[in-house]
Structures are given as C-alpha cells and as structure tokens.
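Quick look at entry14.cif (mmCIF, C-alpha atoms):
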data_protein
#
loop_
_atom_site.label_atom_id
_atom_site.label_comp_id
_atom_site.auth_asym_id
_atom_site.auth_seq_id
_atom_site.Cartn_x
_atom_site.Cartn_y
_atom_site.Cartn_z
CA MET A 22 1.01 -1.80 3.04
CA ILE A 23 -0.67 -4.81 1.51
CA ASP A 24 -3.75 -4.07 3.63
CA VAL A 25 -3.87 -0.50 2.31
CA LEU A 26 -3.69 -1.78 -1.28
CA ALA A 27 -6.43 -4.35 -0.69
CA GLY A 28 -8.60 -1.89 1.23
CA THR A 29 -8.35 0.69 -1.55
CA ALA A 30 -9.25 -1.92 -4.16
CA ILE A 31 -12.25 -3.03 -2.08
CA ILE A 32 -13.59 0.52 -1.72
CA VAL A 33 -12.98 1.30 -5.40
CA GLY A 34 -14.67 -1.97 -6.37
CA SER A 35 -17.80 -1.47 -4.30
CA GLY A 36 -17.91 2.20 -5.33
CA LEU A 37 -17.97 1.06 -8.96
CA ALA A 38 -20.81 -1.33 -8.13
CA VAL A 39 -22.83 1.58 -6.67
CA LEU A 40 -22.08 3.59 -9.84
CA ALA A 41 -23.30 0.66 -11.94
CA GLY A 42 -26.56 0.58 -9.96
CA LEU A 43 -27.03 4.36 -10.23
CA GLY A 44 -26.29 4.30 -13.95
CA LEU A 45 -28.76 1.46 -14.46
CA LEU A 46 -31.48 3.58 -12.86
CA ARG A 47 -30.59 6.93 -14.37
CA PHE A 48 -29.63 6.24 -17.97
CA PRO A 49 -32.46 6.64 -20.47
CA ASP A 50 -32.36 3.48 -22.62
CA VAL A 51 -31.06 -0.06 -22.67
CA LEU A 52 -27.90 0.68 -24.66
CA THR A 53 -26.79 3.46 -22.33
CA ARG A 54 -27.66 1.29 -19.32
CA LEU A 55 -25.42 -1.42 -20.71
CA HIS A 56 -22.54 1.04 -20.46
CA ALA A 57 -23.16 1.40 -16.74
CA SER A 58 -23.53 -2.28 -15.99
CA SER A 59 -21.07 -4.14 -18.16
CA LYS A 60 -18.12 -1.86 -17.42
CA ALA A 61 -18.49 -0.59 -13.89
CA ALA A 62 -19.77 -3.89 -12.47
CA THR A 63 -17.07 -5.92 -14.24
CA MET A 64 -14.38 -3.52 -13.05
CA GLY A 65 -15.88 -3.76 -9.57
CA VAL A 66 -15.53 -7.54 -9.55
CA ILE A 67 -11.98 -7.27 -10.88
CA ALA A 68 -11.06 -4.77 -8.15
CA THR A 69 -12.50 -6.84 -5.29
CA THR A 70 -11.03 -10.03 -6.75
CA PHE A 71 -7.66 -8.29 -6.94
CA ALA A 72 -8.00 -7.36 -3.24
CA ALA A 73 -8.87 -10.96 -2.43
CA ALA A 74 -5.82 -12.19 -4.37
CA VAL A 75 -3.61 -9.76 -2.46
CA GLU A 76 -4.99 -10.90 0.91
CA ALA A 77 -5.38 -14.62 0.15
CA ASP A 78 -2.99 -16.83 2.05
CA THR A 79 -2.19 -19.49 -0.55
CA LEU A 80 -0.54 -19.33 -3.95
CA GLY A 81 -3.29 -21.52 -5.36
CA ALA A 82 -5.98 -19.04 -4.39
CA VAL A 83 -4.00 -16.27 -6.04
CA ALA A 84 -3.77 -18.33 -9.25
CA LEU A 85 -7.53 -18.92 -9.15
CA LEU A 86 -8.30 -15.24 -8.69
CA VAL A 87 -5.91 -14.19 -11.46
CA LEU A 88 -7.80 -16.66 -13.65
CA VAL A 89 -11.09 -14.94 -12.77
CA ILE A 90 -9.72 -11.58 -13.84
CA GLY A 91 -8.55 -13.00 -17.17
CA LEU A 92 -11.88 -14.76 -17.70
CA LEU A 93 -13.85 -11.58 -16.99
CA PHE A 94 -11.73 -9.60 -19.42
CA LEU A 95 -12.43 -12.15 -22.15
CA SER A 96 -16.09 -12.95 -21.50
CA ALA A 97 -17.77 -9.78 -20.17
CA PRO A 98 -17.20 -7.64 -23.31
CA ILE A 99 -18.42 -10.43 -25.62
CA GLY A 100 -21.67 -10.80 -23.66
CA ALA A 101 -22.14 -7.02 -23.59
CA SER A 102 -21.52 -6.71 -27.35
CA LEU A 103 -23.97 -9.50 -28.20
CA LEU A 104 -26.68 -8.09 -25.93
CA ALA A 105 -26.14 -4.58 -27.31
CA ARG A 106 -26.44 -5.80 -30.89
CA ALA A 107 -29.58 -7.81 -30.13
CA ALA A 108 -31.19 -4.84 -28.36
CA ALA A 109 -30.19 -2.35 -31.06
CA ARG A 110 -31.70 -4.57 -33.76
CA ASP A 111 -34.89 -5.35 -31.81
CA PRO A 112 -37.76 -3.25 -33.22
CA ASP A 113 -39.45 -3.21 -29.80
CA THR A 114 -36.51 -1.47 -28.15
CA GLN A 115 -37.19 2.17 -27.36
CA LEU A 116 -34.05 4.21 -27.82
CA VAL A 117 -33.54 7.85 -26.96
CA ALA A 118 -32.62 10.25 -29.75
CA MET A 119 -29.00 9.87 -30.77
CA VAL A 120 -26.72 12.69 -31.84
CA ARG A 121 -25.54 10.49 -34.69
CA ASN A 122 -26.66 7.10 -35.97
CA ASP A 123 -24.68 5.29 -38.64
CA LEU A 124 -26.37 1.94 -38.08
CA GLY A 125 -27.47 0.65 -41.47
CA PRO A 126 -30.33 -1.71 -42.33
CA VAL A 127 -30.12 -5.32 -41.21
CA GLU A 128 -28.05 -7.58 -43.44
CA PRO A 129 -28.64 -11.02 -41.96
CA GLU A 130 -26.25 -12.82 -44.28
CA HIS A 131 -23.40 -10.59 -43.18
CA ALA A 132 -24.31 -10.02 -39.57
CA GLY A 133 -21.67 -11.45 -37.32
CA SER A 134 -19.68 -12.96 -40.17
CA ALA A 135 -16.13 -13.63 -39.14
CA PRO A 136 -13.51 -11.59 -40.96
CA SER A 137 -11.41 -13.62 -43.33
CA GLY A 138 -7.66 -13.41 -43.74
CA GLY A 139 -4.92 -14.07 -41.26
CA SER A 140 -3.03 -17.28 -40.84
CA GLN A 141 -5.05 -20.46 -40.49
CA GLY A 142 -2.06 -22.16 -38.88
CA MET A 143 -3.08 -23.97 -35.71
CA ALA A 144 -1.19 -23.97 -32.47
CA PRO A 145 -2.51 -27.02 -30.59
CA ALA A 146 0.36 -27.06 -28.10
CA PHE A 147 -0.67 -23.62 -26.81
CA LEU A 148 -4.25 -24.77 -26.24
CA ALA A 149 -3.10 -27.87 -24.35
CA LEU A 150 -0.71 -25.81 -22.22
CA TRP A 151 -3.43 -23.22 -21.50
CA LEU A 152 -5.89 -25.94 -20.45
CA VAL A 153 -3.30 -27.44 -18.09
CA ILE A 154 -2.73 -24.02 -16.49
CA VAL A 155 -6.48 -23.38 -16.11
CA TRP A 156 -7.09 -26.85 -14.65
CA VAL A 157 -4.33 -26.47 -12.06
CA ALA A 158 -5.50 -22.92 -11.20
CA LEU A 159 -9.08 -24.14 -10.73
CA PHE A 160 -7.96 -26.81 -8.27
CA ALA A 161 -5.64 -24.28 -6.65
CA SER A 162 -3.19 -27.06 -5.83
CA LEU A 163 -0.65 -29.27 -7.56
CA THR A 164 -1.00 -32.82 -6.27
CA PRO A 165 -0.08 -35.72 -8.59
CA GLY A 166 -3.79 -36.44 -9.20
CA VAL A 167 -4.47 -32.88 -10.30
CA ALA A 168 -1.39 -32.85 -12.55
CA ILE A 169 -2.44 -36.08 -14.27
CA GLY A 170 -5.99 -34.80 -14.66
CA ALA A 171 -4.69 -31.56 -16.15
CA VAL A 172 -2.58 -33.34 -18.78
CA VAL A 173 -5.43 -35.73 -19.67
CA VAL A 174 -7.93 -32.87 -20.06
CA GLY A 175 -5.42 -30.80 -22.03
CA VAL A 176 -4.67 -33.56 -24.51
CA VAL A 177 -8.24 -34.90 -24.87
CA VAL A 178 -9.84 -31.48 -25.37
CA THR A 179 -7.16 -30.40 -27.84
CA ILE A 180 -7.75 -33.54 -29.94
CA ALA A 181 -11.55 -33.69 -29.58
CA LEU A 182 -12.32 -29.99 -30.17
CA PRO A 183 -10.03 -28.70 -32.92
CA GLY A 184 -12.18 -25.58 -33.29
CA LEU A 185 -10.88 -24.32 -29.96
CA ARG A 186 -7.28 -24.26 -31.12
CA PRO A 187 -5.99 -20.70 -31.25
CA ARG A 188 -5.00 -19.18 -34.57
CA ARG A 189 -1.45 -18.04 -34.86
CA PRO A 190 -1.14 -14.27 -35.04
CA SER A 191 -0.70 -13.29 -38.68
CA GLY A 192 2.35 -11.19 -37.88
CA ILE A 193 5.21 -11.24 -35.44
CA VAL A 194 4.49 -10.50 -31.80
CA ARG A 195 6.53 -7.48 -30.69
CA PRO A 196 6.90 -7.56 -26.88
CA LEU A 197 7.67 -3.85 -26.48
CA ALA A 198 4.64 -2.84 -28.52
CA VAL A 199 2.51 -5.31 -26.50
CA ILE A 200 3.59 -3.60 -23.27
CA ARG A 201 2.83 -0.17 -24.79
CA LEU A 202 -0.60 -1.43 -25.88
CA ALA A 203 -1.33 -2.85 -22.41
CA GLY A 204 -0.24 0.39 -20.74
CA HIS A 205 -2.33 2.52 -23.08
CA PHE A 206 -5.32 0.23 -22.55
CA VAL A 207 -5.15 0.25 -18.74
CA TRP A 208 -4.76 4.02 -18.77
CA SER A 209 -7.67 4.62 -21.14
CA VAL A 210 -9.90 2.25 -19.13
CA ILE A 211 -9.17 4.23 -15.94
CA ALA A 212 -9.67 7.59 -17.68
CA ALA A 213 -12.90 6.43 -19.31
CA ASN A 214 -14.16 5.04 -15.98
CA ILE A 215 -13.73 8.49 -14.43
CA ASP A 216 -15.55 10.07 -17.40
CA VAL A 217 -18.51 7.70 -17.13
CA ALA A 218 -18.55 8.09 -13.32
CA LYS A 219 -18.86 11.87 -13.78
CA THR A 220 -21.75 11.44 -16.20
CA VAL A 221 -23.54 9.13 -13.75
CA ILE A 222 -22.98 11.26 -10.64
CA VAL A 223 -23.72 14.66 -12.18
CA GLY A 224 -26.78 13.13 -13.83
CA ARG A 225 -26.17 15.02 -17.09
CA ALA A 226 -28.08 13.49 -19.99
CA PRO A 227 -25.63 11.45 -22.08
CA ARG A 228 -25.31 12.10 -25.81
CA PRO A 229 -25.47 8.56 -27.21
CA ALA A 230 -24.45 7.85 -30.79
CA ILE A 231 -23.63 4.99 -33.12
CA VAL A 232 -20.48 5.64 -35.11
CA GLU A 233 -19.11 3.51 -37.94
CA ILE A 234 -15.38 3.14 -38.36
CA GLU A 235 -13.33 1.49 -41.09
CA LEU A 236 -10.97 -1.19 -39.79
CA HIS A 237 -7.46 -1.88 -41.00
CA VAL A 238 -6.84 -4.98 -38.90
CA GLU A 239 -7.27 -8.16 -40.93
CA SER A 240 -6.85 -11.28 -38.81
CA PRO A 241 -9.80 -12.52 -36.72
CA THR A 242 -7.65 -12.53 -33.57
CA GLU A 243 -6.74 -8.88 -33.87
CA THR A 244 -10.30 -7.90 -34.78
CA ALA A 245 -11.62 -9.75 -31.74
CA LEU A 246 -8.97 -8.13 -29.54
CA LEU A 247 -9.90 -4.67 -30.83
CA MET A 248 -13.63 -5.25 -30.32
CA ASN A 249 -13.05 -6.62 -26.81
CA MET A 250 -10.91 -3.64 -25.88
CA ILE A 251 -13.48 -1.19 -27.27
CA THR A 252 -16.29 -2.85 -25.34
CA PHE A 253 -14.25 -3.16 -22.15
CA THR A 254 -13.46 0.56 -22.18
CA PRO A 255 -16.30 2.39 -20.42
CA GLY A 256 -18.43 4.54 -22.69
CA THR A 257 -18.05 2.48 -25.86
CA VAL A 258 -19.59 -0.83 -26.98
CA ALA A 259 -18.70 -2.58 -30.23
CA LEU A 260 -22.03 -3.37 -31.90
CA GLU A 261 -21.68 -4.95 -35.31
CA LEU A 262 -19.06 -5.95 -37.79
CA HIS A 263 -19.84 -5.87 -41.53
CA GLU A 264 -16.86 -6.87 -43.61
CA ARG A 265 -14.36 -4.21 -42.51
CA THR A 266 -16.85 -1.76 -41.01
CA LEU A 267 -17.37 -1.74 -37.25
CA SER A 268 -20.26 0.11 -35.65
CA VAL A 269 -19.63 1.34 -32.12
CA HIS A 270 -22.22 2.63 -29.67
CA VAL A 271 -20.88 5.61 -27.73
CA LEU A 272 -22.38 6.70 -24.43
CA ASP A 273 -21.44 10.34 -24.67
CA LEU A 274 -20.18 11.55 -28.03
CA ASP A 275 -18.50 14.92 -27.89
CA ASP A 276 -16.63 15.19 -31.15
CA THR A 277 -16.86 12.48 -33.80
CA GLU A 278 -13.47 13.19 -35.33
CA SER A 279 -11.47 12.98 -32.13
CA PHE A 280 -13.40 9.85 -31.15
CA VAL A 281 -12.58 8.14 -34.46
CA ALA A 282 -8.94 9.26 -34.08
CA GLU A 283 -8.86 7.72 -30.59
CA LEU A 284 -10.04 4.33 -31.90
CA ALA A 285 -7.62 4.55 -34.85
CA LYS A 286 -4.81 5.04 -32.35
CA LEU A 287 -5.85 1.91 -30.43
CA GLU A 288 -6.06 -0.05 -33.68
CA ARG A 289 -2.63 1.18 -34.76
CA MET A 290 -1.16 0.01 -31.45
CA ILE A 291 -2.71 -3.43 -31.92
CA ILE A 292 -1.23 -3.67 -35.39
CA ASP A 293 2.11 -2.50 -34.00
CA ALA A 294 1.95 -5.28 -31.42
CA PHE A 295 0.57 -8.21 -33.44
CA GLY A 296 0.11 -7.09 -37.04
CA SER A 297 1.34 -8.70 -40.24
CA PRO A 298 3.79 -6.79 -42.48
CA ARG A 299 0.93 -6.09 -44.91
CA GLU A 300 -1.20 -4.42 -42.24
CA ARG A 301 1.77 -2.37 -41.10
CA ALA A 302 2.50 -1.23 -44.63
CA GLU A 303 -1.14 -0.24 -45.11
CA LEU A 304 -1.09 1.88 -41.96
CA SER A 305 2.21 3.60 -42.63
CA PRO A 306 1.77 7.31 -43.37
CA GLY A 307 0.86 8.25 -46.92
CA MET B 12 -9.88 -4.24 7.30
CA ILE B 13 -13.08 -5.12 9.19
CA ILE B 14 -14.30 -1.51 8.98
CA VAL B 15 -13.34 -1.22 5.31
CA THR B 16 -15.15 -4.41 4.37
CA ASN B 17 -18.19 -3.36 6.42
CA VAL B 18 -18.36 -0.14 4.41
CA ALA B 19 -17.91 -2.16 1.22
CA PHE B 20 -20.75 -4.55 2.14
CA VAL B 21 -23.09 -1.60 2.75
CA MET B 22 -22.14 -0.07 -0.63
CA LEU B 23 -22.69 -3.40 -2.38
CA GLY B 24 -26.08 -3.66 -0.66
CA VAL B 25 -27.07 -0.21 -1.93
CA ALA B 26 -25.89 -1.17 -5.43
CA ALA B 27 -27.94 -4.38 -5.28
CA VAL B 28 -31.12 -2.46 -4.29
CA LEU B 29 -30.64 0.03 -7.17
CA THR B 30 -30.12 -2.86 -9.57
CA LEU B 31 -33.21 -4.67 -8.28
CA LEU B 32 -35.30 -1.57 -9.02
CA ARG B 33 -34.17 -1.73 -12.66
CA LEU B 34 -34.82 -5.47 -12.70
CA PHE B 35 -38.44 -4.92 -11.66
CA ARG B 36 -39.03 -1.92 -13.92
CA GLY B 37 -37.60 -3.41 -17.09
CA PRO B 38 -39.13 -2.46 -19.46
CA SER B 39 -37.50 -4.77 -22.04
CA LEU B 40 -35.98 -8.21 -21.64
CA ALA B 41 -32.56 -6.76 -22.47
CA ASP B 42 -32.95 -4.25 -19.61
CA ARG B 43 -33.70 -7.05 -17.19
CA MET B 44 -30.76 -9.09 -18.47
CA VAL B 45 -28.43 -6.14 -17.93
CA ALA B 46 -29.77 -5.74 -14.39
CA LEU B 47 -29.49 -9.46 -13.67
CA ASP B 48 -25.89 -9.46 -14.92
CA THR B 49 -25.06 -6.55 -12.67
CA LEU B 50 -26.68 -8.32 -9.72
CA LEU B 51 -24.53 -11.41 -10.37
CA PHE B 52 -21.41 -9.27 -10.53
CA ILE B 53 -22.36 -7.54 -7.27
CA GLY B 54 -22.63 -11.01 -5.71
CA ALA B 55 -19.18 -11.88 -7.03
CA ALA B 56 -17.80 -8.62 -5.64
CA ALA B 57 -19.34 -9.49 -2.25
CA ILE B 58 -17.55 -12.85 -2.30
CA GLY B 59 -14.29 -11.07 -3.19
CA THR B 60 -14.87 -8.74 -0.25
CA TYR B 61 -15.54 -11.73 2.03
CA VAL B 62 -12.30 -13.42 0.95
CA THR B 63 -10.41 -10.19 1.61
CA ARG B 64 -12.02 -9.85 5.06
CA THR B 65 -11.41 -13.38 6.30
CA GLY B 66 -8.60 -14.73 4.15
CA ASN B 67 -10.84 -17.78 3.79
CA THR B 68 -10.86 -18.88 0.15
CA VAL B 69 -13.45 -21.68 0.20
CA PHE B 70 -15.92 -19.48 -1.70
CA ALA B 71 -13.38 -18.17 -4.22
CA PRO B 72 -14.31 -20.75 -6.92
CA VAL B 73 -17.88 -19.42 -6.78
CA ILE B 74 -16.56 -16.22 -8.42
CA VAL B 75 -15.43 -18.33 -11.41
CA VAL B 76 -18.85 -19.97 -11.58
CA ILE B 77 -20.63 -16.60 -11.42
CA ALA B 78 -18.45 -15.19 -14.20
CA LEU B 79 -19.25 -18.20 -16.40
CA VAL B 80 -22.98 -18.25 -15.62
CA ALA B 81 -23.26 -14.50 -16.29
CA PHE B 82 -21.52 -14.91 -19.65
CA VAL B 83 -23.51 -17.91 -20.84
CA GLY B 84 -26.78 -16.37 -19.60
CA THR B 85 -26.13 -13.10 -21.42
CA VAL B 86 -25.24 -14.86 -24.67
CA VAL B 87 -28.35 -17.09 -24.54
CA VAL B 88 -30.70 -14.17 -23.85
CA ALA B 89 -29.04 -12.06 -26.58
CA ARG B 90 -29.60 -14.91 -29.05
CA ALA B 91 -33.22 -15.28 -27.91
CA ILE B 92 -33.90 -11.57 -28.44
CA GLU B 93 -32.35 -11.76 -31.93
CA GLU B 94 -34.42 -14.84 -32.85
CA GLU B 95 -37.57 -13.16 -31.60
CA SER B 96 -37.11 -9.93 -33.52
CA ALA B 97 -36.06 -11.80 -36.68
CA GLY B 98 -38.91 -14.28 -36.74
#

Could you write out this file's structure as structure tokens?
Amino acid sequence: MIDVLAGTAIIVGSGLAVLAGLGLLRFPDVLTRLHASSKAATMGVIATTFAAAVEADTLGAVALLVLVIGLLFLSAPIGASLLARAAARDPDTQLVAMVRNDLGPVEPEHAGSAPSGGSQGMAPAFLALWLVIVWVALFASLTPGVAIGAVVVGVVVTIALPGLRPRRPSGIVRPLAVIRLAGHFVWSVIAANIDVAKTVIVGRAPRPAIVEIELHVESPTETALLMNMITFTPGTVALELHERTLSVHVLDLDDTESFVAELAKLERMIIDAFGSPRERAELSPG
Amino acid sequence: MIIVTNVAFVMLGVAAVLTLLRLFRGPSLADRMVALDTLLFIGAAAIGTYVTRTGNTVFAPVIVVIALVAFVGTVVVARAIEEESAG
C-alpha cells in the first residue's frame, strides 16, 4: 500500500518534470516558460520528496523531507515572482502579443514597496521555536548535542536578527477557515496543474495576459501569502504590487471576469482565515 | 519499486535533455535562469527518486541545499536583470 502511494508519487513527479521540460521548449516567451518551470518542476520535486518521505526508514529523514516541502512552498514562488517581474520590466525581453496587458509604466519609488498596515507586534518566541524545529529536522536526530545547538541557534538568531521575527497576524486565526483555505488551495493547484499540462501536451498556443486586481488584504503577511499562493498555482504568476494593486501574469486567459472572481474568492478565504475585523467588514456584502 | 524508479529516472533524463536545449538556446538571461532552475529541480527529483528506491537517506540533505541554492540564485539573477535594465 505504501509502495503504491510512493510509486504513484514518483511517476507523477517525474511526469511533471517532463512537462516542465516540454513547456520550456514549447512556450513562446520567457514569462510563459516560467509557468512551465516554476510550477511543474517544483511540484515534481515535492511529489518525489513526498515519495521519499513515505519510503524513508527513519523519523528524522521524514522530518527533513517535510522541511524541504515547506521550504519549496515558501521559496519557489518568491523566486519565480522576482524573476518574472525583472523579465517583464526588461526592455530587451521579447514578449509575444498578450490578449490583455494592464502593466503600467515603471514607478521605481513604488516598485516592491511593502504594504503598510497590520500589527507590528513581534512574536520572537515563535521564531526561536521555528529555528529549533528546523535545526533538529536538518540534523534528522535528537542527541543532546543537537538539542543544545538548536536552542543556542534559536536564541542567538532571534536576538541578533530582529528583522526575521514574524509579524503577528492582524486578526484572529480561525482554524476551520484555515483548513478550508488549505483544501481549496490544494484542489486549485491540482486542477490548474491539469489545465497547464493540457496546454503543454496539446501544444495549443497559450493566451498570455497581465491582469491587475485590487486587493482588500491589508497586512503584509496576508499579502505575501496571497501572492505566494497565486504564484504557486500553475498558470498564474504575481508580478508587481503597487499600493493595493497587484498585477498578475496569466498563462492562458479565457475570461477576465471569471479569472478576477477566482482570485477574489481566494483572497476572501485568506481574510476569512487570518483577517482583521476591519478587513472582514470591508469584504462583507454591500 | 525498482521498475517504477527506473521509469522515473528515464523520464527525468528526458526532462533534463529538454531543459538543456532551452538552456543553450536562451535567448535571454532570464530564459537561461528558468532553465537552470528547472535543471536543479530535476536533480532534486532524481535524489528523491533515489531515496525512494534504496531507502538510503544520506543524500536527502542535498535536496535542502538544492532548494536553497535555486532560490538564492534566482533572486540574485532577478536583481541583476533589474539593475541592468534600470541603469
């Protein structure tokens, strides 16, 4: 049973890698190619790593591999977004005709500016605890030496690098809504993967577009979460954030309105899960 | 599991060749970075497949390293492209 699960994950993972390679060759410009690589390849690594975690013989190895999956979810979309923005703004980049392009002129003073608002309250204990967990997972064992090292690193880093301390969510975390959000996200990633796979295999020319959407989320944490989720979902890459306006590059835009509605739904679920009362009031119907 | 991982290794090899073609063709630096990233991830997937095949986890930490190197590399190149087009 476990072998079947791991075997399926392995085949799915390497299949996604082949799709990434095909997409890289077939898609017409760098932004559309990014859709192939950053999503399919990342998902491929996550699938094979999951198989390895299932088959690995020690608990420590499992912890390490779970760490990899978390790391990839956090880092891969950020790299993809940054590269996409740099390429989109580079005058030398040759882009194919888009069905819609909302990307405005460059505003250097605003580009990449962090959204204000949200609680500035620090949570140093969470950072220290997280560092301890990561340290132990990296060593994949819990000997006294590792435990002492973990605590020392946790405390020293938390004191020395205050910028790393996480911000408290501006609202209350609602566990049920978090589970709904996670379920919706996993489902839409799978569905979008199938969509992009179809586009790659059939070889139909994609209809790329850059769409601007107005955000309602206020805190930096929620904005980052939303942008990460958008970029992690195949077929969409978050490009730029100006004040409350987010531009998103879409691989294959069918209908602008339903696309915007889809993102609004994701944003609403994030606000449901982590939002402050003010954000919730703003989103309530009317 | 041996047969499954053999199939997987062949698929990863095909993926790596396709990615290498894009790496050579470019044309832009961003294109090459995307291809290089994909190549790194294919390597990580191969290590994951190896761990699944043998149950031997000595190479598992390499996946962490690859994930970090890919991220830092992408960010640095993205910054370089931005600097270049701005200045």

request  = Find the residue from A:Ile251, A:Val271, A:Leu159, A:Leu148 that sits nearest to Pro229 of chain A; use all atoms listed in the file when measuring.
outcome  =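 The shortest atom-to-atom distance to Pro229 of chain A comes from A:Val271.
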
inquiry  = Could you list, as a list in words, every residue matched by the PyMOL selection byres ((chain B and resi 60) around 7) in this structure?
reply    =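 This file gives the following for the PyMOL selection byres ((chain B and resi 60) around 7): Ile31, Thr69 and Ala73 of chain A; Thr16, Ala56, Ala57, Ile58, Gly59, Tyr61, Val62, Thr63 and Arg64 of chain B.
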
Could you work out an axis-aligned box for segment 30-34 of chain B, taking every atom the file lists and adding 4 Å on each side, and report centre and edge lengths in Å to one decimal, as AutoDock Vina command-line options?
--center_x -32.7 --center_y -3.5 --center_z -10.5 --size_x 13.2 --size_y 11.9 --size_z 12.4

task = Could you check how far atom CA of Arg33 of chain B sits from atom CA of Gly84 of chain B, in Å to one decimal?
result = 17.8 Å

task = Provide as an MDAnalysis selection string the residues of chain B at most 8 Å from chain A, counting all atoms listed in the file.
result = chainID B and resid 12 15:16 18:20 22:23 25:30 32:33 39 41:42 45:46 48:49 52:53 55:57 59:60 62:63 66:68 71:72 74:75 78:79 82:83 85:86 88:90 92:93 96

message = Set the distance at 12 Å and use all atoms listed in the file: which residues neighbour Ile211 of chain A once local chain neighbours fewer than 2 positions away are removed? I'd like the list as a list in words.
response = Val33, Leu37, Lys60, Ala61, Met64, Gly204, His205, Phe206, Val207, Trp208, Ser209, Ala213, Asn214, Ile215, Asp216, Val217, Ala218, Phe253, Thr254, Pro255 and Gly256 of chain A

query = Excluding same-chain residues fewer than 2 positions from Val258 of chain A, what lies within 6 Å of it counting all atoms listed in the file, as a ChimeraX atom specification?
reply = /A:252,269-270

key: Point-to-point distance from atom CA of Glu288 of chain A to atom CA of His263 of chain A, Å rounded to tenths   = 16.9 Å

task = Apply the PyMOL selection byres ((chain A and resi 247) around 10) to the structure shown and report the selected residues as a PyMOL selection string.
result = chain A and resi 236+238+241-246+248-253+259+284+287-288+290-292

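When only C-alpha atoms are used to compute distances to Met119 of chain A, the closest of the residues A:Ala282, A:Leu274, A:Met22, A:Ala84 turns out to be A:Leu274.
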
request  = Record the distance separating atom CA of Glu233 of chain A and atom CA of Ala294 of chain A, expressed in Å with one decimal.
outcome  =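 That distance, rounded to one decimal, is 23.7 Å.
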
request  = Any chance you could resolve the PyMOL selection byres ((chain A and resi 149) around 8) against this file and give the residues as a ChimeraX atom specification?
outcome  = /A:145-148,150-153,172,175-176,178-179
